[in-house]
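Structure data (mmCIF, C-alpha atoms) from my_file06.cif:
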data_protein
#
loop_
_atom_site.group_PDB
_atom_site.id
_atom_site.type_symbol
_atom_site.label_atom_id
_atom_site.label_comp_id
_atom_site.auth_asym_id
_atom_site.auth_seq_id
_atom_site.Cartn_x
_atom_site.Cartn_y
_atom_site.Cartn_z
ATOM 1 C CA MET A 181 0.000 0.000 0.000
ATOM 2 C CA PHE A 182 1.077 3.552 -0.663
ATOM 3 C CA SER A 183 -0.441 7.019 -0.503
ATOM 4 C CA ILE A 184 -0.701 9.454 -3.417
ATOM 5 C CA VAL A 185 -0.695 13.089 -2.298
ATOM 6 C CA ILE A 186 -1.774 15.795 -4.757
ATOM 7 C CA PRO A 187 -1.838 19.518 -3.899
ATOM 8 C CA ILE A 188 -4.459 21.435 -5.882
ATOM 9 C CA PHE A 189 -5.077 25.107 -6.565
ATOM 10 C CA ASN A 190 -7.616 26.148 -9.189
ATOM 11 C CA GLU A 191 -7.391 22.914 -11.169
ATOM 12 C CA ALA A 192 -11.099 22.483 -11.911
ATOM 13 C CA GLY A 193 -10.311 21.847 -15.567
ATOM 14 C CA ASN A 194 -7.694 19.165 -14.874
ATOM 15 C CA ILE A 195 -8.418 17.247 -11.695
ATOM 16 C CA GLU A 196 -11.142 14.899 -12.951
ATOM 17 C CA THR A 197 -9.075 13.755 -15.936
ATOM 18 C CA LEU A 198 -6.017 13.321 -13.708
ATOM 19 C CA ILE A 199 -7.823 11.206 -11.108
ATOM 20 C CA ASN A 200 -9.346 9.018 -13.822
ATOM 21 C CA GLU A 201 -5.893 8.560 -15.386
ATOM 22 C CA ILE A 202 -4.354 7.582 -12.046
ATOM 23 C CA HIS A 203 -6.858 4.789 -11.515
ATOM 24 C CA ILE A 204 -6.614 3.534 -15.091
ATOM 25 C CA SER A 205 -2.797 3.571 -15.006
ATOM 26 C CA LEU A 206 -2.479 1.739 -11.697
ATOM 27 C CA GLU A 207 -5.408 -0.674 -11.763
ATOM 28 C CA LYS A 208 -3.450 -3.657 -13.164
ATOM 29 C CA LYS A 209 -0.321 -3.591 -10.993
ATOM 30 C CA TYR A 210 -0.613 -1.166 -8.073
ATOM 31 C CA ASN A 211 -4.343 -0.975 -7.484
ATOM 32 C CA LYS A 212 -4.289 -0.657 -3.693
ATOM 33 C CA PHE A 213 -3.499 2.891 -2.709
ATOM 34 C CA GLU A 214 -4.753 5.812 -0.698
ATOM 35 C CA LEU A 215 -5.545 8.968 -2.682
ATOM 36 C CA ILE A 216 -5.243 12.271 -0.813
ATOM 37 C CA LEU A 217 -6.215 15.586 -2.398
ATOM 38 C CA VAL A 218 -5.338 18.844 -0.643
ATOM 39 C CA ASN A 219 -7.167 21.868 -2.015
ATOM 40 C CA ASP A 220 -5.225 25.059 -1.328
ATOM 41 C CA ALA A 221 -8.255 27.361 -1.082
ATOM 42 C CA SER A 222 -9.123 27.291 -4.777
ATOM 43 C CA ASN A 223 -11.532 30.005 -5.904
ATOM 44 C CA ASP A 224 -12.935 28.064 -8.873
ATOM 45 C CA ASN A 225 -15.247 25.022 -8.687
ATOM 46 C CA THR A 226 -12.493 22.558 -7.747
ATOM 47 C CA ILE A 227 -14.297 21.563 -4.533
ATOM 48 C CA GLU A 228 -17.515 20.773 -6.409
ATOM 49 C CA ILE A 229 -15.641 18.546 -8.851
ATOM 50 C CA ILE A 230 -13.802 16.720 -6.068
ATOM 51 C CA ASN A 231 -17.046 16.096 -4.198
ATOM 52 C CA ASN A 232 -18.476 14.547 -7.366
ATOM 53 C CA LEU A 233 -15.335 12.416 -7.789
ATOM 54 C CA LYS A 234 -15.771 11.134 -4.233
ATOM 55 C CA LYS A 235 -18.979 9.447 -5.382
ATOM 56 C CA LYS A 236 -16.926 7.345 -7.800
ATOM 57 C CA TYR A 237 -13.585 6.920 -6.040
ATOM 58 C CA ASN A 238 -12.341 6.536 -2.497
ATOM 59 C CA ILE A 239 -10.768 9.971 -2.017
ATOM 60 C CA ILE A 240 -9.506 11.601 1.171
ATOM 61 C CA PHE A 241 -9.993 15.334 0.818
ATOM 62 C CA PHE A 242 -8.596 18.255 2.817
ATOM 63 C CA ASN A 243 -9.330 21.907 2.177
ATOM 64 C CA ASN A 244 -7.062 24.726 3.385
ATOM 65 C CA ASN A 245 -9.120 27.607 4.740
ATOM 66 C CA PHE A 246 -6.791 30.044 2.986
ATOM 67 C CA ASN A 247 -4.020 29.747 0.413
ATOM 68 C CA LYS A 248 -1.001 28.286 2.223
ATOM 69 C CA GLY A 249 1.180 27.193 -0.680
ATOM 70 C CA GLN A 250 2.259 23.951 -2.290
ATOM 71 C CA SER A 251 4.737 22.930 0.408
ATOM 72 C CA TYR A 252 2.188 23.235 3.215
ATOM 73 C CA SER A 253 -0.430 21.359 1.201
ATOM 74 C CA ILE A 254 1.944 18.487 0.459
ATOM 75 C CA CYS A 255 3.044 18.275 4.102
ATOM 76 C CA ASN A 256 -0.566 18.377 5.265
ATOM 77 C CA GLY A 257 -1.435 15.444 3.025
ATOM 78 C CA ILE A 258 1.616 13.444 4.095
ATOM 79 C CA ASN A 259 0.897 14.052 7.775
ATOM 80 C CA GLU A 260 -2.611 12.679 7.302
ATOM 81 C CA SER A 261 -1.565 9.680 5.193
ATOM 82 C CA LYS A 262 -1.804 6.135 6.535
ATOM 83 C CA ASN A 263 1.027 4.541 4.517
ATOM 84 C CA ASN A 264 4.791 4.895 4.738
ATOM 85 C CA THR A 265 5.350 5.010 0.968
ATOM 86 C CA ILE A 266 4.371 8.388 -0.465
ATOM 87 C CA VAL A 267 3.845 9.354 -4.109
ATOM 88 C CA THR A 268 3.536 13.037 -5.003
ATOM 89 C CA LEU A 269 2.586 14.703 -8.263
ATOM 90 C CA ASP A 270 1.095 17.990 -9.413
ATOM 91 C CA GLY A 271 -2.603 18.510 -9.959
ATOM 92 C CA ASP A 272 -2.206 20.265 -13.304
ATOM 93 C CA GLY A 273 -1.926 17.094 -15.395
ATOM 94 C CA GLN A 274 1.604 17.795 -16.658
ATOM 95 C CA ASN A 275 2.962 14.810 -14.713
ATOM 96 C CA ASN A 276 1.896 11.600 -16.460
ATOM 97 C CA PRO A 277 0.300 9.123 -14.005
ATOM 98 C CA ALA A 278 1.552 6.258 -16.184
ATOM 99 C CA ASP A 279 5.082 7.078 -14.939
ATOM 100 C CA ILE A 280 4.102 6.288 -11.336
ATOM 101 C CA ILE A 281 4.521 2.574 -12.072
ATOM 102 C CA SER A 282 8.151 3.027 -13.166
ATOM 103 C CA LEU A 283 8.967 5.025 -10.044
ATOM 104 C CA LEU A 284 7.326 2.466 -7.774
ATOM 105 C CA ASP A 285 9.085 -0.411 -9.555
ATOM 106 C CA LYS A 286 12.439 1.264 -8.966
ATOM 107 C CA TYR A 287 11.595 2.190 -5.377
ATOM 108 C CA PHE A 288 10.433 -1.294 -4.376
ATOM 109 C CA SER A 289 13.289 -3.026 -6.225
ATOM 110 C CA ASP A 290 15.923 -1.905 -3.709
ATOM 111 C CA ASP A 291 15.374 -1.759 0.045
ATOM 112 C CA ASP A 292 18.250 0.714 0.329
ATOM 113 C CA ILE A 293 16.521 3.360 -1.806
ATOM 114 C CA TYR A 294 14.415 5.842 0.136
ATOM 115 C CA LEU A 295 13.534 8.316 -2.615
ATOM 116 C CA VAL A 296 13.028 7.982 -6.362
ATOM 117 C CA GLY A 297 12.503 11.195 -8.287
ATOM 118 C CA GLY A 298 11.404 11.895 -11.816
ATOM 119 C CA ILE A 299 13.543 13.765 -14.340
ATOM 120 C CA ARG A 300 11.270 15.471 -16.874
ATOM 121 C CA GLN A 301 12.162 14.838 -20.511
ATOM 122 C CA LYS A 302 11.210 17.248 -23.320
ATOM 123 C CA ARG A 303 9.537 19.690 -20.970
ATOM 124 C CA LYS A 304 6.355 21.302 -22.244
ATOM 125 C CA ASP A 305 6.720 24.672 -20.523
ATOM 126 C CA ASN A 306 7.506 28.096 -21.912
ATOM 127 C CA LEU A 307 11.163 28.996 -22.465
ATOM 128 C CA VAL A 308 11.353 31.370 -19.501
ATOM 129 C CA LYS A 309 10.202 28.654 -17.135
ATOM 130 C CA ILE A 310 12.483 26.042 -18.677
ATOM 131 C CA TYR A 311 15.645 28.163 -18.593
ATOM 132 C CA SER A 312 15.001 29.586 -15.115
ATOM 133 C CA SER A 313 14.487 26.030 -13.878
ATOM 134 C CA LEU A 314 17.702 24.834 -15.542
ATOM 135 C CA PHE A 315 19.643 27.671 -13.934
ATOM 136 C CA ALA A 316 18.120 27.020 -10.508
ATOM 137 C CA ASN A 317 18.852 23.298 -10.787
ATOM 138 C CA LYS A 318 22.491 23.912 -11.698
ATOM 139 C CA VAL A 319 22.992 26.295 -8.766
ATOM 140 C CA ARG A 320 21.245 23.986 -6.323
ATOM 141 C CA SER A 321 23.091 20.908 -7.595
ATOM 142 C CA TYR A 322 26.432 22.708 -7.280
ATOM 143 C CA ILE A 323 25.710 23.759 -3.692
ATOM 144 C CA PHE A 324 24.074 20.592 -2.380
ATOM 145 C CA ASP A 325 25.547 17.933 -4.706
ATOM 146 C CA ASP A 326 22.279 16.003 -4.508
ATOM 147 C CA GLY A 327 22.702 14.190 -7.823
ATOM 148 C CA CYS A 328 19.343 15.403 -9.109
ATOM 149 C CA LYS A 329 19.063 17.217 -12.451
ATOM 150 C CA ASP A 330 15.411 18.188 -11.948
ATOM 151 C CA THR A 331 14.415 18.631 -8.332
ATOM 152 C CA GLY A 332 11.422 20.699 -9.470
ATOM 153 C CA CYS A 333 9.677 17.622 -10.841
ATOM 154 C CA SER A 334 6.845 16.910 -8.412
ATOM 155 C CA LEU A 335 6.620 13.242 -9.396
ATOM 156 C CA LYS A 336 8.445 11.473 -6.573
ATOM 157 C CA VAL A 337 8.205 8.361 -4.397
ATOM 158 C CA PHE A 338 9.718 8.457 -0.919
ATOM 159 C CA ASP A 339 9.643 7.276 2.682
ATOM 160 C CA ARG A 340 7.110 9.063 4.882
ATOM 161 C CA GLU A 341 8.857 8.501 8.224
ATOM 162 C CA ILE A 342 12.096 10.004 6.947
ATOM 163 C CA PHE A 343 10.247 12.937 5.401
ATOM 164 C CA LEU A 344 8.658 13.710 8.762
ATOM 165 C CA GLU A 345 12.122 14.001 10.312
ATOM 166 C CA PHE A 346 12.822 17.098 8.214
ATOM 167 C CA PRO A 347 12.067 20.580 9.566
ATOM 168 C CA PHE A 348 9.321 22.230 7.549
ATOM 169 C CA PHE A 349 10.120 25.241 5.374
ATOM 170 C CA ASP A 350 8.407 26.801 2.383
ATOM 171 C CA GLY A 351 9.706 25.115 -0.765
ATOM 172 C CA ILE A 352 10.711 21.895 1.028
ATOM 173 C CA HIS A 353 9.266 19.775 -1.803
ATOM 174 C CA ARG A 354 11.953 21.162 -4.142
ATOM 175 C CA PHE A 355 14.798 20.120 -1.827
ATOM 176 C CA LEU A 356 13.781 16.557 -1.018
ATOM 177 C CA PRO A 357 16.679 14.929 -2.941
ATOM 178 C CA ALA A 358 19.172 17.113 -1.059
ATOM 179 C CA LEU A 359 17.493 16.439 2.283
ATOM 180 C CA PHE A 360 17.342 12.675 1.838
ATOM 181 C CA LYS A 361 20.970 12.547 0.700
ATOM 182 C CA GLY A 362 22.058 14.943 3.437
ATOM 183 C CA TYR A 363 20.487 12.705 6.052
ATOM 184 C CA GLY A 364 22.429 9.750 4.628
ATOM 185 C CA TYR A 365 19.694 8.017 2.637
ATOM 186 C CA LYS A 366 20.160 6.596 -0.858
ATOM 187 C CA THR A 367 18.219 8.219 -3.694
ATOM 188 C CA ASP A 368 17.729 7.421 -7.361
ATOM 189 C CA PHE A 369 16.198 9.151 -10.379
ATOM 190 C CA ILE A 370 14.562 8.025 -13.601
ATOM 191 C CA ASN A 371 13.381 9.807 -16.720
ATOM 192 C CA VAL A 372 9.679 10.597 -16.926
ATOM 193 C CA SER A 373 7.493 12.235 -19.550
ATOM 194 C CA HIS A 374 6.130 15.757 -19.328
ATOM 195 C CA ARG A 375 2.903 17.058 -20.812
ATOM 196 C CA THR A 376 1.562 20.407 -21.939
ATOM 197 C CA ARG A 377 -0.762 22.140 -19.519
ATOM 198 C CA ILE A 378 -4.079 22.132 -21.368
ATOM 199 C CA ARG A 379 -6.241 24.070 -18.916
ATOM 200 C CA GLY A 380 -5.611 26.629 -16.191
ATOM 201 C CA MET A 381 -2.511 28.584 -15.231
ATOM 202 C CA SER A 382 0.557 27.718 -13.143
#

Structure rendered as structure tokens:
Amino acid sequence: MFSIVIPIFNEAGNIETLINEIHISLEKKYNKFELILVNDASNDNTIEIINNLKKKYNIIFFNNNFNKGQSYSICNGINESKNNTIVTLDGDGQNNPADIISLLDKYFSDDDIYLVGGIRQKRKDNLVKIYSSLFANKVRSYIFDDGCKDTGCSLKVFDREIFLEFPFFDGIHRFLPALFKGYGYKTDFINVSHRTRIRGMS
């Protein structure tokens, strides 16, 4: 068993498709999981859509009473999760749920690995976002030597108990490879696909 944690902010146009894709992608191999959605005070009809999805799927849903940011939402979901293996991905649909299987396969193949992160290939973002991310990754990698070329990829699998050892700070989800390695835990990374955002805004 594992828990999937998805932070959401104004993703009314994406969340239903994403949740359907997750179940279709995992139903044959990893069909026993806990799905946690954390709504970060969206001001569209995200809540209405999630409530409708709850009629079809077993979804655990938390709603922040005001916008607290992606890091807080992820931590909130992880704190409330029941399983020690955590999967995270964005709610905008740019992470492909089909890649979750590859990350889980790698994670469960080696008891010494405590985090597996995705490295986005052929990113479907605008050039400003791509180049600013590349620059940030190079600076971070130089400073922390975490071995990760794309720490901004939200698609990750990791150990909950170790995560809860870390002190919380805003942006913690971007530094998980450095934190796990800094605490002495083995990490690994695999290439994953990246998709164009069809609806909504980052």

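Applied to this file, the PyMOL selection byres ((chain A and resi 357) around 9) selects the residues Leu295, Val296, Gly297, Asp326, Gly327, Cys328, Thr331, His353, Arg354, Phe355, Leu356, Ala358, Leu359, Phe360, Lys361, Gly362, Thr367 and Asp368 of chain A.
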
Can you work out which one of A:Lys212, A:Lys286, A:Lys248, A:Lys235 has the shortest atom-to-atom distance to Asn371 of chain A, counting all atoms listed in the file?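 The closest residue to Asn371 of chain A is A:Lys286.
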
I'd like the interatomic distance between atom CA of Val372 of chain A and atom CA of Asn276 of chain A, to a tenth of an Å.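 A separation of 7.9 Å between them.
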
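Minimum atom-to-atom distance to Asp220 of chain A, evaluated using only C-alpha atoms, belongs to A:Cys255 out of A:Cys255, A:Leu344, A:Ile293, A:Cys333.
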
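With all atoms listed in the file as the atoms that count, the minimum distance from Tyr210 of chain A to the choices A:Tyr365, A:Phe246, A:Phe182, A:Tyr237 is reached by A:Phe182.
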
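As for atom CA of Thr265 of chain A and atom CA of Ile370 of chain A, they are spaced 17.5 Å apart.
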
Evaluate the PyMOL selection byres ((chain A and resi 209) around 12) and record the selected residues as a list in words, following the chain and residue labels used in the document.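 Applying the PyMOL selection byres ((chain A and resi 209) around 12) to the structure shown produces Met181, Ile202, His203, Ile204, Ser205, Leu206, Glu207, Lys208, Tyr210, Asn211, Lys212, Phe213, Ala278, Ile280, Ile281, Ser282, Leu284 and Asp285 of chain A.
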
Given all atoms listed in the file as the basis, pick out the residue of A:Asp350, A:Asp330, A:Glu341, A:Lys302 nearest to Lys262 of chain A. A:Glu341

Hey, what comes out of the PyMOL selection byres ((chain A and resi 264) around 6) on this file? Could you write it as a PDB file with C-alpha atoms, in the frame of the given file?
ATOM      1  CA  ASN A 263       1.027   4.541   4.517  1.00  0.00           C
ATOM      2  CA  THR A 265       5.350   5.010   0.968  1.00  0.00           C
ATOM      3  CA  ASP A 339       9.643   7.276   2.682  1.00  0.00           C
ATOM      4  CA  ARG A 340       7.110   9.063   4.882  1.00  0.00           C
TER       5      ARG A 340
END

Please determine, counting all atoms listed in the file, which residue among A:Val267, A:Asn232, A:Asn244, A:Gly273 has the shortest atom-to-atom distance to Glu201 of chain A. A:Gly273

Starting from the incomplete input, reconstruct N, CA and C atoms of segment 264-285 of chain A and report them as a PDB file, in the frame of the given file.
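Output (selection_32.pdb):
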ATOM      1  N   ASN A 264       3.442   4.360   4.627  1.00  0.00           N
ATOM      2  CA  ASN A 264       4.791   4.895   4.738  1.00  0.00           C
ATOM      3  C   ASN A 264       5.432   5.187   3.383  1.00  0.00           C
ATOM      4  N   THR A 265       4.859   4.675   2.306  1.00  0.00           N
ATOM      5  CA  THR A 265       5.350   5.010   0.968  1.00  0.00           C
ATOM      6  C   THR A 265       4.471   6.108   0.392  1.00  0.00           C
ATOM      7  N   ILE A 266       5.095   7.222   0.028  1.00  0.00           N
ATOM      8  CA  ILE A 266       4.371   8.388  -0.465  1.00  0.00           C
ATOM      9  C   ILE A 266       4.702   8.639  -1.930  1.00  0.00           C
ATOM     10  N   VAL A 267       3.687   8.908  -2.719  1.00  0.00           N
ATOM     11  CA  VAL A 267       3.845   9.354  -4.109  1.00  0.00           C
ATOM     12  C   VAL A 267       3.285  10.768  -4.197  1.00  0.00           C
ATOM     13  N   THR A 268       4.050  11.686  -4.783  1.00  0.00           N
ATOM     14  CA  THR A 268       3.536  13.037  -5.003  1.00  0.00           C
ATOM     15  C   THR A 268       3.564  13.367  -6.494  1.00  0.00           C
ATOM     16  N   LEU A 269       2.600  14.149  -6.912  1.00  0.00           N
ATOM     17  CA  LEU A 269       2.586  14.703  -8.263  1.00  0.00           C
ATOM     18  C   LEU A 269       1.701  15.937  -8.270  1.00  0.00           C
ATOM     19  N   ASP A 270       1.871  16.758  -9.297  1.00  0.00           N
ATOM     20  CA  ASP A 270       1.095  17.990  -9.413  1.00  0.00           C
ATOM     21  C   ASP A 270      -0.329  17.702  -9.853  1.00  0.00           C
ATOM     22  N   GLY A 271      -1.211  18.656  -9.578  1.00  0.00           N
ATOM     23  CA  GLY A 271      -2.603  18.510  -9.959  1.00  0.00           C
ATOM     24  C   GLY A 271      -2.936  19.090 -11.309  1.00  0.00           C
ATOM     25  N   ASP A 272      -1.936  19.588 -12.037  1.00  0.00           N
ATOM     26  CA  ASP A 272      -2.206  20.265 -13.304  1.00  0.00           C
ATOM     27  C   ASP A 272      -2.207  19.339 -14.518  1.00  0.00           C
ATOM     28  N   GLY A 273      -1.903  18.058 -14.306  1.00  0.00           N
ATOM     29  CA  GLY A 273      -1.926  17.094 -15.395  1.00  0.00           C
ATOM     30  C   GLY A 273      -0.650  17.019 -16.213  1.00  0.00           C
ATOM     31  N   GLN A 274       0.357  17.842 -15.884  1.00  0.00           N
ATOM     32  CA  GLN A 274       1.604  17.795 -16.658  1.00  0.00           C
ATOM     33  C   GLN A 274       2.449  16.570 -16.304  1.00  0.00           C
ATOM     34  N   ASN A 275       2.362  16.094 -15.067  1.00  0.00           N
ATOM     35  CA  ASN A 275       2.962  14.810 -14.713  1.00  0.00           C
ATOM     36  C   ASN A 275       2.067  13.701 -15.251  1.00  0.00           C
ATOM     37  N   ASN A 276       2.662  12.704 -15.889  1.00  0.00           N
ATOM     38  CA  ASN A 276       1.896  11.600 -16.460  1.00  0.00           C
ATOM     39  C   ASN A 276       1.735  10.487 -15.421  1.00  0.00           C
ATOM     40  N   PRO A 277       0.504  10.181 -15.001  1.00  0.00           N
ATOM     41  CA  PRO A 277       0.300   9.123 -14.005  1.00  0.00           C
ATOM     42  C   PRO A 277       0.860   7.770 -14.412  1.00  0.00           C
ATOM     43  N   ALA A 278       0.995   7.537 -15.719  1.00  0.00           N
ATOM     44  CA  ALA A 278       1.552   6.258 -16.184  1.00  0.00           C
ATOM     45  C   ALA A 278       2.985   6.066 -15.703  1.00  0.00           C
ATOM     46  N   ASP A 279       3.698   7.175 -15.412  1.00  0.00           N
ATOM     47  CA  ASP A 279       5.082   7.078 -14.939  1.00  0.00           C
ATOM     48  C   ASP A 279       5.180   6.651 -13.476  1.00  0.00           C
ATOM     49  N   ILE A 280       4.071   6.697 -12.751  1.00  0.00           N
ATOM     50  CA  ILE A 280       4.102   6.288 -11.336  1.00  0.00           C
ATOM     51  C   ILE A 280       4.569   4.847 -11.211  1.00  0.00           C
ATOM     52  N   ILE A 281       4.144   3.987 -12.128  1.00  0.00           N
ATOM     53  CA  ILE A 281       4.521   2.574 -12.072  1.00  0.00           C
ATOM     54  C   ILE A 281       6.032   2.410 -12.140  1.00  0.00           C
ATOM     55  N   SER A 282       6.693   3.135 -13.038  1.00  0.00           N
ATOM     56  CA  SER A 282       8.151   3.027 -13.166  1.00  0.00           C
ATOM     57  C   SER A 282       8.851   3.478 -11.894  1.00  0.00           C
ATOM     58  N   LEU A 283       8.361   4.555 -11.288  1.00  0.00           N
ATOM     59  CA  LEU A 283       8.967   5.025 -10.044  1.00  0.00           C
ATOM     60  C   LEU A 283       8.776   4.024  -8.919  1.00  0.00           C
ATOM     61  N   LEU A 284       7.586   3.456  -8.815  1.00  0.00           N
ATOM     62  CA  LEU A 284       7.326   2.466  -7.774  1.00  0.00           C
ATOM     63  C   LEU A 284       8.148   1.204  -7.993  1.00  0.00           C
ATOM     64  N   ASP A 285       8.264   0.772  -9.249  1.00  0.00           N
ATOM     65  CA  ASP A 285       9.085  -0.411  -9.555  1.00  0.00           C
ATOM     66  C   ASP A 285      10.518  -0.204  -9.086  1.00  0.00           C
TER      67      ASP A 285
END
